[in-house]
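Beneath this line is the structure, given in structure tokens, with notes to follow.
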Amino acid sequence: MKARIAPSILSADFGRLADDIAMCVDGGADMIHLDVMDGRFVPNITFGEKMIGTVRKLTSLPLDVHLMVRDPENYFESFAGAGATGMTIHVEAAPHLQRQLARIRELGCWAGAAINPGTSLVSVREVVANIDLLLVMTVNPGFGGQQFIPASLDKIARSRHMLDEFRSNAALEVDGGISRQTIHDAWRAGANTFVAGNAIFTANNPKAEIDALRKLCLESV
Ligand code: DX5
Ligand code: ZN
């Protein structure tokens, strides 16, 4: 699978969201990442259904919705109805993970499972057949602009190994602190889908940054 770049609009300027989304599209983004936070699972609040619907009207790119919320199943129908293409839930907030993932697929979306830096990969082993995407968090979720946790590289490599072991085609996504400094190592470790907020939206030329990030995944060393 080629490297896919998913700009996170958490770092966009909401006052000129249409321009920022258009910039991502022009820059060749593969999907738009939307970070839903509820102030309970993570210590921050962002947005929900209305924002998903707004972004849906602004682009035909896939919408990669990352639910950092407790009781995520309460939102599945409304988010799917608003235009989510995929929904990723945290195993730490999903006691009935298998059923919850199956429900996301039933709604016609790709189903993702996310694990925090402190959560073992074992927690997703039993549901590999139920996921289309595995999200390995490379920061503790809640805020953009944090530092990539170096120990994540080993976890990405183990995740790649696990997906291969199960012959799973699930995307292996990383999220948090992805930049020109970190993306190549994450890619080499086996990730193929890269969320980036700060790196793209604070760049002098955000459009070119998307391409620069992707190119760093093509270099062999
Ligand atoms: C963190 C969010 C991320 C965030 C990434 O809780 O899940 O998607 O936007 O931001 P950067 O790329 O700035 O670390
Ligand atoms: Zn995210």
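Chain identifiers are assigned as A, B, and so on, following the order in which chains appear in the structure tokens; residues are numbered from 1 within each chain, and ligands are numbered from 1 in order of appearance.
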Closest atom pairs, chain A residues within 8 Å of ligand 2, only C-alpha atoms and all ligand atoms, as JSON lines:
```
{"residue": "A:Ser8", "atom": "CA", "partner": "ligand 2", "partner_atom_place_in_ligand_line": "1 (Zn)", "distance": 6.8}
{"residue": "A:His33", "atom": "CA", "partner": "ligand 2", "partner_atom_place_in_ligand_line": "1 (Zn)", "distance": 6.6}
{"residue": "A:Leu34", "atom": "CA", "partner": "ligand 2", "partner_atom_place_in_ligand_line": "1 (Zn)", "distance": 6.6}
{"residue": "A:Asp35", "atom": "CA", "partner": "ligand 2", "partner_atom_place_in_ligand_line": "1 (Zn)", "distance": 4.9}
{"residue": "A:Val36", "atom": "CA", "partner": "ligand 2", "partner_atom_place_in_ligand_line": "1 (Zn)", "distance": 8.0}
{"residue": "A:Val65", "atom": "CA", "partner": "ligand 2", "partner_atom_place_in_ligand_line": "1 (Zn)", "distance": 7.8}
{"residue": "A:His66", "atom": "CA", "partner": "ligand 2", "partner_atom_place_in_ligand_line": "1 (Zn)", "distance": 5.3}
{"residue": "A:Leu67", "atom": "CA", "partner": "ligand 2", "partner_atom_place_in_ligand_line": "1 (Zn)", "distance": 7.9}
{"residue": "A:Met68", "atom": "CA", "partner": "ligand 2", "partner_atom_place_in_ligand_line": "1 (Zn)", "distance": 8.0}
{"residue": "A:Pro141", "atom": "CA", "partner": "ligand 2", "partner_atom_place_in_ligand_line": "1 (Zn)", "distance": 7.3}
{"residue": "A:Asp175", "atom": "CA", "partner": "ligand 2", "partner_atom_place_in_ligand_line": "1 (Zn)", "distance": 5.7}
{"residue": "A:Gly176", "atom": "CA", "partner": "ligand 2", "partner_atom_place_in_ligand_line": "1 (Zn)", "distance": 7.2}
{"residue": "A:Val195", "atom": "CA", "partner": "ligand 2", "partner_atom_place_in_ligand_line": "1 (Zn)", "distance": 6.8}
```
Quiz prompt | Nearby residues (only C-alpha atoms) at most 10 Å from Ala102 (chain A), same-chain spacing under 5 positions excluded, as a ChimeraX atom specification | solution = /A:97,107,109-111,127,129-131
If you keep N, CA and C atoms, can you produce a file of those selected residues as a PDB file, in the first residue's frame?
```
ATOM      1  N   LEU A  97     -15.896  -4.332  22.205  1.00  0.00           N
ATOM      2  CA  LEU A  97     -15.177  -3.916  21.001  1.00  0.00           C
ATOM      3  C   LEU A  97     -15.633  -4.638  19.735  1.00  0.00           C
ATOM      4  N   LEU A 107     -22.916  -0.030   9.247  1.00  0.00           N
ATOM      5  CA  LEU A 107     -23.351   1.299   8.809  1.00  0.00           C
ATOM      6  C   LEU A 107     -22.663   1.725   7.512  1.00  0.00           C
ATOM      7  N   CYS A 109     -19.330   1.937   6.999  1.00  0.00           N
ATOM      8  CA  CYS A 109     -18.068   2.664   7.193  1.00  0.00           C
ATOM      9  C   CYS A 109     -16.925   1.687   7.411  1.00  0.00           C
ATOM     10  N   TRP A 110     -15.691   2.130   7.208  1.00  0.00           N
ATOM     11  CA  TRP A 110     -14.577   1.279   7.603  1.00  0.00           C
ATOM     12  C   TRP A 110     -14.445   1.383   9.121  1.00  0.00           C
ATOM     13  N   ALA A 111     -14.030   0.281   9.730  1.00  0.00           N
ATOM     14  CA  ALA A 111     -13.980   0.207  11.192  1.00  0.00           C
ATOM     15  C   ALA A 111     -12.534   0.209  11.657  1.00  0.00           C
ATOM     16  N   VAL A 127      -9.599  -9.021  17.672  1.00  0.00           N
ATOM     17  CA  VAL A 127     -10.559  -8.399  16.746  1.00  0.00           C
ATOM     18  C   VAL A 127      -9.935  -8.058  15.389  1.00  0.00           C
ATOM     19  N   ALA A 129      -9.883  -9.554  12.700  1.00  0.00           N
ATOM     20  CA  ALA A 129     -10.800  -9.817  11.578  1.00  0.00           C
ATOM     21  C   ALA A 129     -11.897  -8.758  11.465  1.00  0.00           C
ATOM     22  N   ASN A 130     -12.087  -7.985  12.511  1.00  0.00           N
ATOM     23  CA  ASN A 130     -13.171  -6.991  12.522  1.00  0.00           C
ATOM     24  C   ASN A 130     -12.702  -5.583  12.170  1.00  0.00           C
ATOM     25  N   ILE A 131     -11.400  -5.436  11.912  1.00  0.00           N
ATOM     26  CA  ILE A 131     -10.919  -4.069  11.669  1.00  0.00           C
ATOM     27  C   ILE A 131     -10.431  -3.861  10.233  1.00  0.00           C
TER      28      ILE A 131
END
```
Practice problem: Figure out the distance between CA of Ile104 (chain A) and CA of Asn74 (chain A), please, to one decimal in Å. | Solution: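 These two atoms are separated by 11.4 Å.
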Exercise. Could you pull out the residues sitting within 6 Å of ligand 1, using only C-alpha atoms and all ligand atoms, and write them as JSON, numbers by chain?
Key: {"A": [8, 10, 35, 141, 142, 143, 144, 145, 146, 175, 176, 177, 178, 196, 197, 198, 199]}
Self-check item: Interatomic distance, CA of Thr193 (chain A) to CA of Gly39 (chain A) (Å, one decimal)
Solution: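 Rounded to one decimal, the two atoms are 26.1 Å apart.
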Quiz prompt | Distance criterion (only C-alpha atoms): nearest to Ile21 (chain A) out of A:Leu58, A:Ala94, A:Met87, A:Met162 | solution =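 Distance minimum relative to Ile21 (chain A) lands on A:Leu58.
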